[in-house]
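Chemist: Would you mind keeping the following structure in view while I ask a few things?
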There are 2 protein chains.
Amino acid sequence: MTEINSIGIVQSNTVYFDSSLTLKSGEVLPQFHLVYETYGTLNADKSNAVIICHALSGNHHVAGKYAETDKNAGWWDNLIGPNKPLDTNKFFVIGLNNLGGCHGSFGPSSINPATNQPFGASFPIVTVEDWVNSQARLLAYLGISQLAAVVGGSLGGMQALQWTIAYPDLVRHALVIASAPNLTAQNIAFNEVARQAIMTDPEFHAGDYYAYNTVPRRGLRIARMLGHITYLSDDAMGEKFGRKLKDTIKYGFDVEFEMESYLRYQGDKFAGEFDANTYLRMTRALDYYDPALEFDNDLSAALKVAKAQFLVVSFTSDWRFSPARSREIVKALLDNELTVSYAEVTAAHGHDAFLMPDAHYHAILRSYLQKIEV
Amino acid sequence: MTEINSIGIVQSNTVYFDSSLTLKSGEVLPQFHLVYETYGTLNADKSNAVIICHALSGNHHVAGKYAETDKNAGWWDNLIGPNKPLDTNKFFVIGLNNLGGCHGSFGPSSINPATNQPFGASFPIVTVEDWVNSQARLLAYLGISQLAAVVGGSLGGMQALQWTIAYPDLVRHALVIASAPNLTAQNIAFNEVARQAIMTDPEFHAGDYYAYNTVPRRGLRIARMLGHITYLSDDAMGEKFGRKLKDTIKYGFDVEFEMESYLRYQGDKFAGEFDANTYLRMTRALDYYDPALEFDNDLSAALKVAKAQFLVVSFTSDWRFSPARSREIVKALLDNELTVSYAEVTAAHGHDAFLMPDAHYHAILRSYLQKIEV
């Protein structure tokens with residue numbers, strides 16, 4: 001049975017772009033394609049479009065199901081649908097898989113027409129700026145000249161922020177959730193450990209594992225296990241797992257604690273689904289993003305061009321993208337006399353809180369989105 | 001030139017025990033040996049002995065040098081020596097390499113007399129309790145019937161705590177530094193990621209890599225990189241490395257940030273020095289230690305037998321063994337009407353602070369140790 005307020009059955013589309021895209025690295029993509037989904041209906045004056053920017057392991061399947069029998073709905077289905085906080089009766093919502101992704105968009109596992117082999121290691125590094133530029137192409141293709149809102153959490157929030165810098169006239173509202181204006185040294189460090197786990201996996205073959213019919217599963221598994229630690233708060237882990245044992249102590253290296261069981265399960269699952277080259281590129285995009293860098297580390301100067309109105313949301317227990325980092329964004333927006341609402345949500349779930357249907361959090365989003373005129 | 005107040009040139013000794021040791025797991029070691037060092041002079045009534053319990057990657061070489069030309073002194077040389085906070089003019093200090101270690105004590109790389117091959121995977125799991133029991137054997141061998149103090153940081157602090165439970169009459173003072181009465185779920189999780197990195201390294205060969213003339217360097221490297229993130233605070237990393245680049249951005253996966261360079265260096269260095277099987281066992285000992293477990297999770301009940309006086313020290317920026325965990329120990333000691341001094345030191349360096357010569361921290365240790373009567 002379809003859940004009440006679910007957007008229901010959805011389908012994905014692919015758009016091919018034949019005009020070149022110059023990346024921040026200087027490399028030029030002669031062509032690329034993006035897979036995307038849309039929910040709701042674009043209104044007559046095309047003023048109700050909202051784009052959802054995904055985070056590290058996200059994709060275009062944001063809401064709804066492909067078939068009634070699907071076990072899981074899209075990754076932000078709790079937020080998006082008829083009468084949900086991001087109401088598809090009002091908004092036309094666009095989800096896409098980022099450039100360099102592994103869910104259908106142009107990425108490292110795509111076939112290089114020049115060689116008829118997957119790009120692998122030769123697929124370029126993509127940045128938050130490149131993603132936003134490619135998303136602007138998608139908007140143009142859909143005939144939309146201005147977004148009612150851009151919405152993103154974590155790495156998605158960086159894209160939302162970048163939208164307001166790169167295309168100030170194309171964005172009326174930006175919802176920047178559980179994000180930061182750049183990564184801290186600690187976050188770069190976690191990314192580096194994850195990358196080194198993947199890149200030193202003998203099955204990685206310098207990124208060309210497709211040609212060897214292998215997958216660097218071990219490395220990807222370690223990367224994901226580590227990721228999960230940083231997505232949850234210490235308290236949330238304590239509450240969910242604590243020191244609970246699976247059984248009596250065995251004095252060995254098999255699973256003893258439920259915490260271990262959870263991590264192994266998450267790691268194994270991810271390693272069977274996700275592309276390692278995409279993972280590497282997503283983490284590098286996170287590392288590199290730093291709009292203040294070319295403004296002498298002055299974020300306010302970097303945001304001088306922005307015109308959007310902002311909702312910035314952080315979560316108290318998020319130690320990966322802490323509230324202090326969101327407040328840096330808020331401060332820089334205020335320096336530019338931009339309209340910004342800021343909510344620091346008390347939530348126990350750490351960084352993952354942005355994906356959860358916390359009542360207070362959702363009420364804030366609902367209230368903000370309701371006031372957007374379309 | 002020898003540093004003023006250095007203990008100077010030291011040497012290590014090995015003691016062989018031929019009577020069996022029953023481990024917490026139930027396994028029995030028919031014999032074992034420990035490598036140790038001593039600094040200072042045991043006084044006539046043998047009342048001035050202090051044992052130093054090491055943490056995850058520590059060893060018996062706590063202070064001094066083996067030769068004038070040694071680049072580095074022992075790992076806690078800043079604390080221990082003539083006129084240093086732990087004054088070797090007053091105390092007879094004992095450092096040892098724990099059972100299961102890889103610096104000369106009986107461990108996984110030791111030769112199994114039954115097979116004439118290294119033990120490898122067959123070396124049993126050792127626990128904090130086992131370490132303390134083996135340390136008590138060392139004391140008896142040295143003819144010492146009571147310790148003036150047991151001192152340990154981190155995992156070493158767990159051993160100090162365990163000394164007061166297992167041998168209440170043998171310990172007059174326990175200095176429990178940057179420690180905890182057990183690991184949180186998050187800490188177990190970090191240990192598990194480290195172990196999985198080692199154990200899934202193809203060169204691990206189920207722990208019997210010695211026979212293959214290989215070393216699971218990749219896994220050990222990842223484990224150590226991850227460890228270093230958790231030893232430092234986010235702030236300390238920010239201050240030391242921040243987002244500093246090695247050079248101009250190259251848009252690739254080689255080192256871009258100084259943070260990455262530091263982690264790779266630390267990981268490589270450790271992987272060339274440390275034994276993977278020992279690393280696995282040290283992390284497991286950390287996971288398992290939980291004296292309250294058999295007292296219905298009541299730490300106060302677990303510490304009821306203790307008689308020592310305590311100094312408990314924590315560091316404000318230590319997120320691996322946070323001050324809150326030290327306060328749990330203090331609370332349980334007070335419940336038992338034991339004499340306890342507690343210092344929460346404001347320090348930026350995270351868990352690593354316990355190894356650093358912070359003036360305030362060292363003054364506290366000096367003051368406490370000066371008052372111990374010998």
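As shown in the structure tokens, the chain order sets the letters A, B, ...; within each chain, residues go from 1, and ligands are also counted from 1 in the order they appear.
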Do me a favour and pick out the residues of chain A within 7 Å of chain B, using only C-alpha atoms, as number ranges by chain.

Modeler: A: 25, 125, 184-186, 189, 192-193, 197, 200, 218, 222, 225-226, 229, 234, 237-238, 241-243, 251-252, 259-260

Chemist: Enumerate, as an MDAnalysis selection string, the complete set of residues in stretch 102-331 of chain A that a backbone-based DSSP assignment places in strand (DSSP E).

Modeler: chainID A and resid 111:112 117:118 149:153 173:177 309:315

Chemist: Go through B:Asn336, B:Trp163, B:Val15, B:Ser314 one by one, measure the shortest atom-to-atom distance of each to B:Pro291 using only C-alpha atoms, and give the residue with the smallest value.

Modeler: B:Trp163

Chemist: Which residues are near stretch 64-78 of chain A? Cut-off 9 Å, only C-alpha atoms, ignore same chain within fewer than 3 positions. Put them as a list in words.

Modeler: Met1, Thr2, Ser6, Ile7, Gly8, Ile9, Val10, Gln11, Ser12, Tyr39, Gly58, Asn59, His60, His61, Gly81, Lys84, Pro85, Leu355, Met356 and Pro357 of chain A

Chemist: Skipping near chain neighbours, those fewer than 2 positions away, what residues fall within 7 Å of A:Val171 using only C-alpha atoms, listed as JSON, numbers by chain?

Modeler: {"A": [146, 147, 148, 149, 150, 164, 167, 168, 169, 173, 308]}

Chemist: Write out the residues from the selection above, keeping C-alpha atoms, as a PDB file, in the first residue's frame.

Modeler:
ATOM      1  CA  GLN A 146      15.017  30.796 -11.559  1.00  0.00           C
ATOM      2  CA  LEU A 147      14.823  28.425  -8.606  1.00  0.00           C
ATOM      3  CA  ALA A 148      12.321  29.024  -5.838  1.00  0.00           C
ATOM      4  CA  ALA A 149      14.868  27.257  -3.650  1.00  0.00           C
ATOM      5  CA  VAL A 150      17.969  25.147  -3.579  1.00  0.00           C
ATOM      6  CA  THR A 164      23.971  31.638  -4.342  1.00  0.00           C
ATOM      7  CA  TYR A 167      24.182  32.155  -9.873  1.00  0.00           C
ATOM      8  CA  PRO A 168      22.878  34.853  -7.544  1.00  0.00           C
ATOM      9  CA  ASP A 169      20.021  35.766  -9.890  1.00  0.00           C
ATOM     10  CA  HIS A 173      16.057  30.861  -1.370  1.00  0.00           C
ATOM     11  CA  ALA A 308      19.150  34.782  -2.001  1.00  0.00           C
TER      12      ALA A 308
END

Chemist: Smallest atom-to-atom distance to A:Asp208: which of A:Phe123, A:Tyr368, A:Phe270, A:Phe106, using only C-alpha atoms?

Modeler: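 That would be A:Phe123, the residue with the smallest distance to A:Asp208.
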
Chemist: Which residue out of B:Ile177, B:Leu139, B:Ala271, B:Ile4 has the minimum interatomic distance to B:Leu365 when only C-alpha atoms are used?

Modeler: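 For B:Leu365, the nearest of the given residues is B:Ile177.
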
Chemist: From the list B:Gly143, B:Lys46, B:Gln266, B:Leu161, which residue is nearest B:Glu129 when using only C-alpha atoms?

Modeler: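 Ranking B:Gly143, B:Lys46, B:Gln266, B:Leu161 by distance to B:Glu129, first place goes to B:Leu161.
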
Chemist: What's around A:Ser154 at 10 Å? Count only C-alpha atoms, leave out sequence neighbours fewer than 5 positions away in its own chain, and write the answer as a CSV table (one decimal) with N, CA and C atoms, in the first residue's frame.

Modeler:
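What follows is the written file out-v4.csv:
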chain,number,residue,atom,x,y,z
A,53,CYS,N,20.2,19.1,-3.7
A,53,CYS,CA,21.6,18.7,-3.9
A,53,CYS,C,22.0,17.6,-2.9
A,54,HIS,N,22.6,16.5,-3.4
A,54,HIS,CA,22.8,15.4,-2.5
A,54,HIS,C,24.2,15.5,-1.9
A,55,ALA,N,24.4,14.7,-0.9
A,55,ALA,CA,25.7,14.6,-0.1
A,55,ALA,C,26.5,13.5,-0.7
A,56,LEU,N,27.5,13.1,0.1
A,56,LEU,CA,28.5,12.1,-0.4
A,56,LEU,C,28.0,10.9,-1.1
A,159,GLN,N,26.7,22.9,-1.9
A,159,GLN,CA,26.2,23.2,-3.2
A,159,GLN,C,25.2,24.3,-3.2
A,160,ALA,N,24.3,24.2,-2.2
A,160,ALA,CA,23.3,25.3,-2.0
A,160,ALA,C,23.9,26.6,-1.8
A,176,VAL,N,20.5,25.7,3.6
A,176,VAL,CA,21.8,25.2,3.9
A,176,VAL,C,21.8,24.4,5.2
A,177,ILE,N,21.8,23.1,5.1
A,177,ILE,CA,21.5,22.3,6.3
A,177,ILE,C,22.7,21.5,6.7
A,178,ALA,N,23.0,21.5,8.0
A,178,ALA,CA,24.1,20.6,8.5
A,178,ALA,C,25.4,20.7,7.7
A,179,SER,N,25.7,22.0,7.4
A,179,SER,CA,26.8,22.2,6.4
A,179,SER,C,27.9,23.0,7.0
A,180,ALA,N,28.8,23.5,6.2
A,180,ALA,CA,30.0,24.3,6.6
A,180,ALA,C,30.5,25.0,5.4
A,286,LEU,N,34.6,17.6,-1.3
A,286,LEU,CA,34.4,18.2,0.1
A,286,LEU,C,35.6,18.9,0.6
A,314,SER,N,21.4,23.8,11.8
A,314,SER,CA,22.5,22.9,12.3
A,314,SER,C,21.9,22.1,13.4
A,320,ARG,N,30.6,16.6,13.0
A,320,ARG,CA,31.3,16.7,11.7
A,320,ARG,C,31.1,18.0,11.0
A,321,PHE,N,29.9,18.5,11.1
A,321,PHE,CA,29.6,19.9,10.6
A,321,PHE,C,28.9,20.6,11.8
A,351,HIS,N,25.5,14.1,12.8
A,351,HIS,CA,25.3,14.7,11.4
A,351,HIS,C,24.1,14.0,10.7
A,352,ASP,N,23.9,12.8,11.0
A,352,ASP,CA,22.8,12.1,10.4
A,352,ASP,C,21.4,12.7,10.6
A,354,PHE,N,20.2,15.4,9.9
A,354,PHE,CA,19.6,16.1,8.8
A,354,PHE,C,18.7,15.2,7.9

Chemist: Check the smallest atom-to-atom distance from each of B:Ser57, B:Asn43, B:Asp254, B:Ile111 to B:Lys90 using only C-alpha atoms, then report the winner.

Modeler: B:Asn43

Chemist: Would you mind reading off the distance between atom CA of A:Arg137 and atom CA of A:Leu79, one decimal, in Å?

Modeler: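 About the pair atom CA of A:Arg137 and atom CA of A:Leu79: they are 25.5 Å apart.
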
Chemist: Write out as JSON, numbers by chain which residues come within 6 Å of B:Glu203 when counting only C-alpha atoms, dropping same-chain ones fewer than 2 positions away.

Modeler: {"B": [201, 205, 214, 215, 216]}

Chemist: Would you list, as an MDAnalysis selection string, the residues of stretch 280-370 of chain B that end up in alpha helix (DSSP H) under DSSP run on this structure's backbone?

Modeler: chainID B and resid 280:288 299:302 323:335 359:370

Chemist: For a test of reading the model, state the distance in Å between atom CA of B:Tyr361 and atom CA of B:Gln135, rounded to one decimal.

Modeler: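 Atom CA of B:Gln135 lies 26.6 Å from atom CA of B:Tyr361.
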